[in-house]
>>> print(open('target_29.pdb').read())   # PDB, C-alpha atoms and all ligand atoms
MODEL        1
ATOM      1  CA  MET Z   6     190.888 105.149 160.982
ATOM      2  CA  ASN Z   7     193.195 102.177 160.523
ATOM      3  CA  ASP Z   8     191.118  99.132 161.403
ATOM      4  CA  PRO Z   9     192.284  96.178 159.304
ATOM      5  CA  LEU Z  10     189.652  93.459 159.377
ATOM      6  CA  VAL Z  11     192.198  90.640 159.656
ATOM      7  CA  ASN Z  12     193.231  91.693 163.166
ATOM      8  CA  GLN Z  13     189.762  91.949 164.608
ATOM      9  CA  THR Z  14     187.199  89.738 166.258
ATOM     10  CA  LEU Z  15     184.355  89.503 163.822
ATOM     11  CA  VAL Z  16     182.849  86.202 164.942
ATOM     12  CA  ARG Z  17     179.777  86.016 167.118
ATOM     13  CA  PRO Z  18     180.212  82.806 169.119
ATOM     14  CA  GLY Z  19     176.963  80.918 169.579
ATOM     15  CA  ALA Z  20     175.036  83.178 167.177
ATOM     16  CA  ARG Z  21     173.010  81.823 164.238
ATOM     17  CA  ILE Z  22     174.580  84.299 161.810
ATOM     18  CA  GLY Z  23     178.287  85.100 162.012
ATOM     19  CA  HIS Z  24     179.328  82.105 164.147
ATOM     20  CA  THR Z  25     181.971  81.506 161.471
ATOM     21  CA  VAL Z  26     183.587  84.407 159.618
ATOM     22  CA  ILE Z  27     186.201  83.859 156.934
ATOM     23  CA  VAL Z  28     188.283  86.991 156.405
ATOM     24  CA  LYS Z  29     190.047  87.498 153.082
ATOM     25  CA  GLN Z  30     192.497  90.230 152.267
ATOM     26  CA  GLU Z  31     191.586  89.976 148.584
ATOM     27  CA  THR Z  32     189.148  87.908 146.579
ATOM     28  CA  GLY Z  33     187.144  87.955 143.354
ATOM     29  CA  SER Z  34     183.667  88.336 144.868
ATOM     30  CA  THR Z  35     182.577  87.242 148.362
ATOM     31  CA  ASN Z  36     179.281  86.106 146.787
ATOM     32  CA  ASP Z  37     181.228  83.579 144.689
ATOM     33  CA  ASP Z  38     183.205  82.456 147.740
ATOM     34  CA  ALA Z  39     180.044  82.019 149.810
ATOM     35  CA  ARG Z  40     178.358  80.126 146.971
ATOM     36  CA  GLU Z  41     181.318  77.721 146.784
ATOM     37  CA  LEU Z  42     181.126  77.207 150.540
ATOM     38  CA  ALA Z  43     177.370  76.621 150.354
ATOM     39  CA  GLU Z  44     177.856  74.105 147.525
ATOM     40  CA  SER Z  45     180.269  72.198 149.757
ATOM     41  CA  GLY Z  46     177.749  72.147 152.591
ATOM     42  CA  ALA Z  47     178.516  75.247 154.683
ATOM     43  CA  ASP Z  48     175.994  75.889 157.458
ATOM     44  CA  HIS Z  49     173.448  78.642 157.759
ATOM     45  CA  GLY Z  50     175.157  81.789 159.003
ATOM     46  CA  VAL Z  51     178.678  81.292 157.645
ATOM     47  CA  VAL Z  52     180.106  84.635 156.474
ATOM     48  CA  VAL Z  53     182.900  85.578 154.058
ATOM     49  CA  ILE Z  54     184.228  89.115 154.309
ATOM     50  CA  ALA Z  55     186.910  90.686 152.126
ATOM     51  CA  GLU Z  56     189.039  93.776 152.388
ATOM     52  CA  ARG Z  57     189.201  93.989 148.586
ATOM     53  CA  GLN Z  58     187.107  92.420 145.817
ATOM     54  CA  LYS Z  59     188.561  92.308 142.331
ATOM     55  CA  ARG Z  60     185.207  91.511 140.753
ATOM     56  CA  GLY Z  61     182.710  92.908 143.274
ATOM     57  CA  ARG Z  62     179.314  92.949 141.568
ATOM     58  CA  GLY Z  63     175.953  94.522 142.085
ATOM     59  CA  ARG Z  64     172.490  93.858 140.737
ATOM     60  CA  LYS Z  65     172.091  93.547 136.968
ATOM     61  CA  GLY Z  66     175.778  92.776 136.417
ATOM     62  CA  ARG Z  67     176.892  96.205 137.606
ATOM     63  CA  THR Z  68     180.310  96.636 139.209
ATOM     64  CA  TRP Z  69     180.484  97.220 142.981
ATOM     65  CA  HIS Z  70     183.308  99.567 143.899
ATOM     66  CA  SER Z  71     184.812  99.355 147.392
ATOM     67  CA  PRO Z  72     188.396 100.448 148.133
ATOM     68  CA  PRO Z  73     190.270  98.427 150.791
ATOM     69  CA  GLY Z  74     190.242  99.627 154.394
ATOM     70  CA  ARG Z  75     187.163 101.808 154.064
ATOM     71  CA  ASN Z  76     183.974  99.823 153.639
ATOM     72  CA  LEU Z  77     182.303  96.498 154.323
ATOM     73  CA  ALA Z  78     181.866  93.817 151.665
ATOM     74  CA  PHE Z  79     180.627  90.462 152.881
ATOM     75  CA  SER Z  80     178.360  87.557 152.002
ATOM     76  CA  VAL Z  81     176.295  85.293 154.222
ATOM     77  CA  VAL Z  82     175.195  81.721 153.514
ATOM     78  CA  LEU Z  83     171.518  81.429 154.440
ATOM     79  CA  ARG Z  84     169.621  78.166 154.777
ATOM     80  CA  LEU Z  85     166.169  79.297 155.778
ATOM     81  CA  GLY Z  86     164.177  76.368 154.385
ATOM     82  CA  LEU Z  87     161.682  78.714 152.701
ATOM     83  CA  PRO Z  88     159.701  77.899 149.539
ATOM     84  CA  ALA Z  89     161.467  79.057 146.349
ATOM     85  CA  GLY Z  90     158.742  81.671 145.772
ATOM     86  CA  ASP Z  91     159.849  83.464 148.925
ATOM     87  CA  THR Z  92     163.343  84.442 147.763
ATOM     88  CA  GLY Z  93     162.052  87.975 147.212
ATOM     89  CA  LEU Z  94     161.160  88.165 150.879
ATOM     90  CA  VAL Z  95     164.713  87.273 151.881
ATOM     91  CA  THR Z  96     165.854  90.234 149.792
ATOM     92  CA  ILE Z  97     163.252  92.489 151.389
ATOM     93  CA  GLY Z  98     164.161  91.256 154.895
ATOM     94  CA  ALA Z  99     167.844  91.933 154.273
ATOM     95  CA  GLY Z 100     167.058  95.523 153.251
ATOM     96  CA  VAL Z 101     165.013  96.047 156.409
ATOM     97  CA  ALA Z 102     167.781  94.597 158.609
ATOM     98  CA  VAL Z 103     170.590  96.644 157.038
ATOM     99  CA  ALA Z 104     168.621  99.917 156.865
ATOM    100  CA  SER Z 105     167.407  99.705 160.461
ATOM    101  CA  ALA Z 106     170.804  98.654 161.796
ATOM    102  CA  LEU Z 107     172.493 101.656 160.142
ATOM    103  CA  ALA Z 108     169.692 104.074 161.047
ATOM    104  CA  GLU Z 109     169.763 103.100 164.718
ATOM    105  CA  LEU Z 110     173.527 102.762 165.155
ATOM    106  CA  CYS Z 111     174.461 105.961 163.326
ATOM    107  CA  ASN Z 112     171.299 107.984 163.877
ATOM    108  CA  ILE Z 113     170.729 108.635 160.185
ATOM    109  CA  PRO Z 114     167.486 108.603 158.133
ATOM    110  CA  ALA Z 115     168.320 105.428 156.177
ATOM    111  CA  ARG Z 116     165.491 104.322 153.876
ATOM    112  CA  ILE Z 117     164.913 101.498 151.399
ATOM    113  CA  LYS Z 118     164.460 101.882 147.657
ATOM    114  CA  TRP Z 119     162.706  98.777 146.322
ATOM    115  CA  PRO Z 120     163.704  96.122 146.476
ATOM    116  CA  ASN Z 121     166.534  96.699 148.917
ATOM    117  CA  ASP Z 122     168.901  99.576 148.127
ATOM    118  CA  VAL Z 123     169.682 101.380 151.357
ATOM    119  CA  ARG Z 124     169.746 105.123 150.788
ATOM    120  CA  VAL Z 125     170.041 108.342 152.765
ATOM    121  CA  LYS Z 126     168.309 111.382 151.292
ATOM    122  CA  GLY Z 127     168.257 109.688 147.906
ATOM    123  CA  LYS Z 128     171.931 108.641 147.898
ATOM    124  CA  LYS Z 129     173.015 105.035 148.054
ATOM    125  CA  LEU Z 130     174.648 103.915 151.301
ATOM    126  CA  ALA Z 131     174.477 100.132 150.976
ATOM    127  CA  GLY Z 132     173.655  97.540 148.353
ATOM    128  CA  ILE Z 133     172.402  93.990 148.702
ATOM    129  CA  LEU Z 134     172.726  91.161 146.209
ATOM    130  CA  ALA Z 135     170.794  87.988 147.076
ATOM    131  CA  GLU Z 136     171.485  84.966 144.881
ATOM    132  CA  ALA Z 137     169.362  81.879 145.485
ATOM    133  CA  ASP Z 138     169.716  78.254 144.565
ATOM    134  CA  GLY Z 139     167.264  75.342 144.742
ATOM    135  CA  GLN Z 140     164.157  74.275 142.878
ATOM    136  CA  ASN Z 141     161.085  73.866 145.096
ATOM    137  CA  THR Z 142     162.554  74.945 148.375
ATOM    138  CA  ILE Z 143     165.475  77.335 148.486
ATOM    139  CA  ASP Z 144     168.485  75.169 149.222
ATOM    140  CA  TYR Z 145     170.526  78.214 150.117
ATOM    141  CA  VAL Z 146     170.664  81.924 149.484
ATOM    142  CA  VAL Z 147     173.922  83.833 149.274
ATOM    143  CA  LEU Z 148     173.303  87.278 150.659
ATOM    144  CA  GLY Z 149     175.950  89.810 149.629
ATOM    145  CA  VAL Z 150     176.073  93.138 151.437
ATOM    146  CA  GLY Z 151     178.209  96.152 150.589
ATOM    147  CA  VAL Z 152     178.182  99.162 152.929
ATOM    148  CA  ASN Z 153     179.928 102.468 152.334
ATOM    149  CA  VAL Z 154     181.383 103.106 155.785
ATOM    150  CA  ASN Z 155     184.452 105.381 155.841
ATOM    151  CA  ILE Z 156     184.827 106.218 152.147
ATOM    152  CA  GLU Z 157     185.163 109.908 151.234
ATOM    153  CA  ALA Z 158     183.356 111.334 148.211
ATOM    154  CA  ASP Z 159     186.651 111.971 146.390
ATOM    155  CA  GLU Z 160     187.544 108.265 146.664
ATOM    156  CA  MET Z 161     184.421 107.283 144.747
ATOM    157  CA  PRO Z 162     184.484 106.732 140.976
ATOM    158  CA  ASP Z 163     183.166 109.726 139.010
ATOM    159  CA  ASP Z 164     180.005 107.954 137.895
ATOM    160  CA  ILE Z 165     178.734 107.289 141.443
ATOM    161  CA  ARG Z 166     180.091 110.293 143.383
ATOM    162  CA  GLU Z 167     176.845 112.261 143.009
ATOM    163  CA  ILE Z 168     174.542 109.335 143.742
ATOM    164  CA  ALA Z 169     176.337 107.530 146.573
ATOM    165  CA  THR Z 170     177.070 108.367 150.192
ATOM    166  CA  SER Z 171     178.767 106.797 153.220
ATOM    167  CA  LEU Z 172     178.391 106.749 156.989
ATOM    168  CA  LEU Z 173     181.395 109.089 157.155
ATOM    169  CA  ILE Z 174     179.811 111.575 154.739
ATOM    170  CA  GLU Z 175     176.441 111.477 156.511
ATOM    171  CA  THR Z 176     177.690 111.715 160.109
ATOM    172  CA  LYS Z 177     181.103 113.429 159.700
ATOM    173  CA  ASN Z 178     182.461 110.589 161.829
ATOM    174  CA  GLN Z 179     184.603 107.574 161.085
ATOM    175  CA  TRP Z 180     182.914 104.342 162.118
ATOM    176  CA  PRO Z 181     184.708 101.215 163.416
ATOM    177  CA  ARG Z 182     183.837  98.695 160.729
ATOM    178  CA  VAL Z 183     183.584  95.818 163.204
ATOM    179  CA  LEU Z 184     180.909  97.664 165.145
ATOM    180  CA  VAL Z 185     178.891  98.271 161.964
ATOM    181  CA  PHE Z 186     179.402  94.670 160.820
ATOM    182  CA  LYS Z 187     178.260  93.182 164.119
ATOM    183  CA  ARG Z 188     175.225  95.427 164.291
ATOM    184  CA  ILE Z 189     174.184  94.293 160.806
ATOM    185  CA  MET Z 190     174.736  90.640 161.798
ATOM    186  CA  GLU Z 191     172.404  91.124 164.771
ATOM    187  CA  GLY Z 192     169.799  92.720 162.523
ATOM    188  CA  LEU Z 193     169.994  89.921 159.954
ATOM    189  CA  GLU Z 194     169.735  87.271 162.647
ATOM    190  CA  SER Z 195     166.667  88.903 164.095
ATOM    191  CA  ILE Z 196     164.802  89.456 160.798
ATOM    192  CA  PHE Z 197     165.565  85.995 159.422
ATOM    193  CA  GLY Z 198     164.443  84.549 162.762
ATOM    194  CA  GLU Z 199     161.067  86.201 162.069
ATOM    195  CA  LEU Z 200     160.946  84.698 158.560
ATOM    196  CA  GLU Z 201     161.863  81.253 159.874
ATOM    197  CA  SER Z 202     159.026  81.379 162.381
ATOM    198  CA  GLY Z 203     156.599  82.411 159.632
ATOM    199  CA  ASN Z 204     156.201  85.986 160.869
ATOM    200  CA  TYR Z 205     156.240  87.458 157.347
ATOM    201  CA  LYS Z 206     154.025  90.324 158.461
ATOM    202  CA  LYS Z 207     156.769  91.739 160.676
ATOM    203  CA  VAL Z 208     159.150  91.836 157.691
ATOM    204  CA  LEU Z 209     156.575  93.412 155.365
ATOM    205  CA  GLU Z 210     155.616  96.037 157.938
ATOM    206  CA  GLY Z 211     159.298  96.753 158.585
ATOM    207  CA  TRP Z 212     159.794  97.393 154.873
ATOM    208  CA  GLN Z 213     156.691  99.568 154.642
ATOM    209  CA  GLY Z 214     157.956 101.756 157.502
ATOM    210  CA  LEU Z 215     161.311 102.306 155.788
ATOM    211  CA  ALA Z 216     160.326 102.481 152.112
ATOM    212  CA  GLU Z 217     161.238 105.858 150.608
ATOM    213  CA  ALA Z 218     158.731 105.608 147.750
ATOM    214  CA  MET Z 219     155.583 104.560 149.663
ATOM    215  CA  GLY Z 220     152.652 106.522 148.256
ATOM    216  CA  ARG Z 221     154.947 108.400 145.842
ATOM    217  CA  ARG Z 222     154.686 108.666 142.064
ATOM    218  CA  VAL Z 223     157.344 106.593 140.370
ATOM    219  CA  ARG Z 224     158.573 105.363 137.040
ATOM    220  CA  VAL Z 225     159.643 101.725 137.124
ATOM    221  CA  GLU Z 226     162.013 100.481 134.454
ATOM    222  CA  THR Z 227     161.207  96.782 134.244
ATOM    223  CA  PRO Z 228     162.674  94.159 131.895
ATOM    224  CA  GLY Z 229     159.409  94.732 129.945
ATOM    225  CA  PRO Z 230     157.540  98.028 129.565
ATOM    226  CA  VAL Z 231     158.110 101.073 131.746
ATOM    227  CA  VAL Z 232     155.372 101.407 134.380
ATOM    228  CA  THR Z 233     154.348 104.801 135.747
ATOM    229  CA  GLY Z 234     152.113 105.180 138.785
ATOM    230  CA  THR Z 235     151.910 105.333 142.565
ATOM    231  CA  VAL Z 236     153.556 102.885 144.968
ATOM    232  CA  MET Z 237     150.912 101.012 146.975
ATOM    233  CA  GLY Z 238     153.260  98.725 148.912
ATOM    234  CA  ILE Z 239     154.610  95.228 148.463
ATOM    235  CA  ARG Z 240     152.905  91.886 148.062
ATOM    236  CA  ASP Z 241     153.498  89.056 150.548
ATOM    237  CA  ASP Z 242     156.265  87.674 148.319
ATOM    238  CA  GLY Z 243     158.098  91.016 148.139
ATOM    239  CA  ALA Z 244     156.854  92.056 144.665
ATOM    240  CA  LEU Z 245     156.142  95.791 144.248
ATOM    241  CA  ARG Z 246     152.504  96.946 143.911
ATOM    242  CA  ILE Z 247     151.919  99.982 141.693
ATOM    243  CA  LYS Z 248     148.628 101.676 140.874
ATOM    244  CA  ASN Z 249     149.184 102.682 137.261
ATOM    245  CA  ASP Z 250     147.840 105.837 135.654
ATOM    246  CA  GLY Z 251     144.794 103.942 134.409
ATOM    247  CA  GLY Z 252     143.929 103.044 138.026
ATOM    248  CA  ASP Z 253     144.892  99.347 137.689
ATOM    249  CA  GLU Z 254     147.233  97.503 139.993
ATOM    250  CA  GLU Z 255     150.485  96.277 138.440
ATOM    251  CA  ILE Z 256     152.819  93.817 140.095
ATOM    252  CA  ILE Z 257     156.532  94.361 139.533
ATOM    253  CA  LEU Z 258     158.886  91.448 140.067
ATOM    254  CA  ALA Z 259     162.086  93.166 138.915
ATOM    255  CA  GLY Z 260     163.072  96.666 137.945
ATOM    256  CA  ASP Z 261     164.537 100.030 138.887
ATOM    257  CA  VAL Z 262     162.304 102.507 140.696
ATOM    258  CA  ILE Z 263     162.727 106.222 140.033
ATOM    259  CA  ILE Z 264     160.716 108.690 142.122
ATOM    260  CA  ILE Z 265     159.257 111.370 139.827
TER     261      ILE Z 265
HETATM  262  C1  LIG Z 301     173.713  96.441 144.392
HETATM  263  O1  LIG Z 301     173.298  97.407 145.015
HETATM  264  O2  LIG Z 301     173.705  96.437 143.154
HETATM  265  C2  LIG Z 301     174.210  95.251 145.150
HETATM  266  C3  LIG Z 301     175.636  95.436 145.625
HETATM  267  C4  LIG Z 301     176.142  94.243 146.411
HETATM  268  C5  LIG Z 301     177.611  94.352 146.725
HETATM  269  C6  LIG Z 301     178.072  93.252 147.646
HETATM  270  S1  LIG Z 301     179.705  93.522 148.258
HETATM  271  C7  LIG Z 301     179.751  91.914 148.903
HETATM  272  C8  LIG Z 301     179.092  91.010 147.883
HETATM  273  N1  LIG Z 301     180.033  90.553 146.890
HETATM  274  C9  LIG Z 301     179.729  91.035 145.669
HETATM  275  O3  LIG Z 301     180.386  90.794 144.628
HETATM  276  N2  LIG Z 301     178.632  91.778 145.720
HETATM  277  C10 LIG Z 301     178.092  91.846 147.065
ENDMDL
END
>>> encode(input="target_29.pdb", output="structure tokens", more="lines below")
Ligand code: BTN
Amino acid sequence: MNDPLVNQTLVRPGARIGHTVIVKQETGSTNDDARELAESGADHGVVVIAERQKRGRGRKGRTWHSPPGRNLAFSVVLRLGLPAGDTGLVTIGAGVAVASALAELCNIPARIKWPNDVRVKGKKLAGILAEADGQNTIDYVVLGVGVNVNIEADEMPDDIREIATSLLIETKNQWPRVLVFKRIMEGLESIFGELESGNYKKVLEGWQGLAEAMGRRVRVETPGPVVTGTVMGIRDDGALRIKNDGGDEEIILAGDVIII
């Protein structure tokens, strides 16, 4: 499917998210572009989307691979006015919005791996990188989203081919990227609306319903020791709750979860 983003209507006039969409043929990273815009005062809901990123990045400094013309790579400036401690919840909310948008639109069993990897049957479909700024309240959050839409397995780098998937691979159909993009925008607008009105419970319950590791035994590789135990859920701030093998609860703020 030849659907260049530059020729299409991506904006959502009057919406809170996506009212302004800056389309780039090539950039370093849309997260850097959105951060620059936020630093110069861009409003809540401004989006930067790129056909190609030269330095697309994922969590923990990993590279994010996305060939032009196939996928979605965009970043949203968020000004939610939440306390700094709630950045984790923005991340969680984004995972819920992206996973449910893709599950509903494409009729696939998309699930979330904590904190917010979107996966189908254990393979990664979309990644989210939230970068916050601000001291006591969050001044802004840059929310970067990468979705594998029409990429074939043989276009993926060797090291991710076995662990990644796309909407095309899962459904055997090509998906118009604009349709997927707009559906995600709607989802983000709705979930962040809930956060803005203090309805954190809705976000936490949404995550719980989509979490692939709920109640499962996992190994969590944290910046500190490895924690092994059973996933109990998430705390109100988005931190992961694990019952460790000694029966105690451990709270994980950052790490990689592996179902064992
Ligand atoms: C991850 O799963 O590690 C997060 C991947 C996030 C990728 C997106 S693509 C758009 C935005 N720009 C970036 O450089 N990264 C995010």
>>> resolve_selection(input="target_29.pdb", expression="the PyMOL selection byres (((not hetatm)) within 10 of (chain Z and resi 301))", output="ChimeraX atom specification")
/Z:32-39,53-55,57-71,76-81,120-123,129-136,147-153
>>> closest_residue(input="target_29.pdb", among="Z:Ala47, Z:Ala106, Z:Val208, Z:Lys126", to="Ala169 of chain Z", atoms="only C-alpha atoms")
Z:Lys126
>>> resolve_selection(input="target_29.pdb", expression="the PyMOL selection byres (((chain Z and resi 97) around 9) and not hetatm)", output="list in words")
Thr92, Gly93, Leu94, Val95, Thr96, Gly98, Ala99, Gly100, Val101, Ala102, Trp119, Pro120, Asn121, Val208, Leu209, Trp212 and Gly243 of chain Z
>>> atom_distance(input="target_29.pdb", atom1="atom CA of Asp144 of chain Z", atom2="atom CA of Asp91 of chain Z")
12.0 Å
>>> closest_residue(input="target_29.pdb", among="Z:Val185, Z:Val11, Z:Ile174, Z:Ile264", to="Ala218 of chain Z", atoms="all atoms listed in the file")
Z:Ile264
>>> decode(input="target_29.pdb", residues="segment 67-125 of chain Z", atoms="C-alpha atoms", output="PDB file, in the first residue's frame")
ATOM      1  CA  ARG Z  67      17.734   1.031  22.512  1.00  0.00           C
ATOM      2  CA  THR Z  68      17.372   1.770  18.802  1.00  0.00           C
ATOM      3  CA  TRP Z  69      13.856   1.882  17.310  1.00  0.00           C
ATOM      4  CA  HIS Z  70      13.800   0.532  13.774  1.00  0.00           C
ATOM      5  CA  SER Z  71      11.056   1.699  11.404  1.00  0.00           C
ATOM      6  CA  PRO Z  72      11.513   1.710   7.611  1.00  0.00           C
ATOM      7  CA  PRO Z  73       9.803   4.557   5.706  1.00  0.00           C
ATOM      8  CA  GLY Z  74       6.334   4.002   4.263  1.00  0.00           C
ATOM      9  CA  ARG Z  75       5.439   1.074   6.493  1.00  0.00           C
ATOM     10  CA  ASN Z  76       4.883   2.066  10.098  1.00  0.00           C
ATOM     11  CA  LEU Z  77       3.900   4.910  12.392  1.00  0.00           C
ATOM     12  CA  ALA Z  78       6.427   6.910  14.407  1.00  0.00           C
ATOM     13  CA  PHE Z  79       5.095   9.982  16.156  1.00  0.00           C
ATOM     14  CA  SER Z  80       5.344  12.014  19.343  1.00  0.00           C
ATOM     15  CA  VAL Z  81       2.713  13.999  21.203  1.00  0.00           C
ATOM     16  CA  VAL Z  82       3.247  16.996  23.484  1.00  0.00           C
ATOM     17  CA  LEU Z  83       1.141  16.474  26.607  1.00  0.00           C
ATOM     18  CA  ARG Z  84       0.401  19.143  29.193  1.00  0.00           C
ATOM     19  CA  LEU Z  85      -1.796  17.338  31.664  1.00  0.00           C
ATOM     20  CA  GLY Z  86      -0.970  19.379  34.769  1.00  0.00           C
ATOM     21  CA  LEU Z  87      -0.408  16.222  36.839  1.00  0.00           C
ATOM     22  CA  PRO Z  88       1.934  15.963  39.845  1.00  0.00           C
ATOM     23  CA  ALA Z  89       5.447  14.793  38.885  1.00  0.00           C
ATOM     24  CA  GLY Z  90       4.874  11.503  40.741  1.00  0.00           C
ATOM     25  CA  ASP Z  91       2.175  10.604  38.234  1.00  0.00           C
ATOM     26  CA  THR Z  92       4.392  10.387  35.143  1.00  0.00           C
ATOM     27  CA  GLY Z  93       4.222   6.600  35.421  1.00  0.00           C
ATOM     28  CA  LEU Z  94       0.467   6.792  35.042  1.00  0.00           C
ATOM     29  CA  VAL Z  95       0.806   8.727  31.791  1.00  0.00           C
ATOM     30  CA  THR Z  96       2.950   5.861  30.518  1.00  0.00           C
ATOM     31  CA  ILE Z  97       0.407   3.304  31.701  1.00  0.00           C
ATOM     32  CA  GLY Z  98      -2.482   5.290  30.170  1.00  0.00           C
ATOM     33  CA  ALA Z  99      -0.686   5.499  26.833  1.00  0.00           C
ATOM     34  CA  GLY Z 100      -0.245   1.710  26.783  1.00  0.00           C
ATOM     35  CA  VAL Z 101      -3.941   1.202  27.501  1.00  0.00           C
ATOM     36  CA  ALA Z 102      -4.955   3.661  24.758  1.00  0.00           C
ATOM     37  CA  VAL Z 103      -2.663   2.183  22.091  1.00  0.00           C
ATOM     38  CA  ALA Z 104      -3.401  -1.471  22.944  1.00  0.00           C
ATOM     39  CA  SER Z 105      -7.171  -0.991  22.997  1.00  0.00           C
ATOM     40  CA  ALA Z 106      -7.187   1.110  19.832  1.00  0.00           C
ATOM     41  CA  LEU Z 107      -5.266  -1.583  17.918  1.00  0.00           C
ATOM     42  CA  ALA Z 108      -7.240  -4.460  19.445  1.00  0.00           C
ATOM     43  CA  GLU Z 109     -10.589  -2.910  18.542  1.00  0.00           C
ATOM     44  CA  LEU Z 110      -9.687  -1.540  15.110  1.00  0.00           C
ATOM     45  CA  CYS Z 111      -7.874  -4.644  13.871  1.00  0.00           C
ATOM     46  CA  ASN Z 112      -9.612  -7.298  15.952  1.00  0.00           C
ATOM     47  CA  ILE Z 113      -6.393  -8.674  17.408  1.00  0.00           C
ATOM     48  CA  PRO Z 114      -5.578  -9.822  20.979  1.00  0.00           C
ATOM     49  CA  ALA Z 115      -3.240  -6.907  21.777  1.00  0.00           C
ATOM     50  CA  ARG Z 116      -1.976  -6.967  25.372  1.00  0.00           C
ATOM     51  CA  ILE Z 117       0.344  -4.838  27.501  1.00  0.00           C
ATOM     52  CA  LYS Z 118       3.668  -5.937  28.947  1.00  0.00           C
ATOM     53  CA  TRP Z 119       4.533  -3.657  31.871  1.00  0.00           C
ATOM     54  CA  PRO Z 120       4.914  -0.847  31.718  1.00  0.00           C
ATOM     55  CA  ASN Z 121       3.556  -0.259  28.237  1.00  0.00           C
ATOM     56  CA  ASP Z 122       4.907  -2.514  25.482  1.00  0.00           C
ATOM     57  CA  VAL Z 123       2.023  -3.496  23.242  1.00  0.00           C
ATOM     58  CA  ARG Z 124       2.319  -7.136  22.240  1.00  0.00           C
ATOM     59  CA  VAL Z 125       0.346  -9.796  20.401  1.00  0.00           C
TER      60      VAL Z 125
END
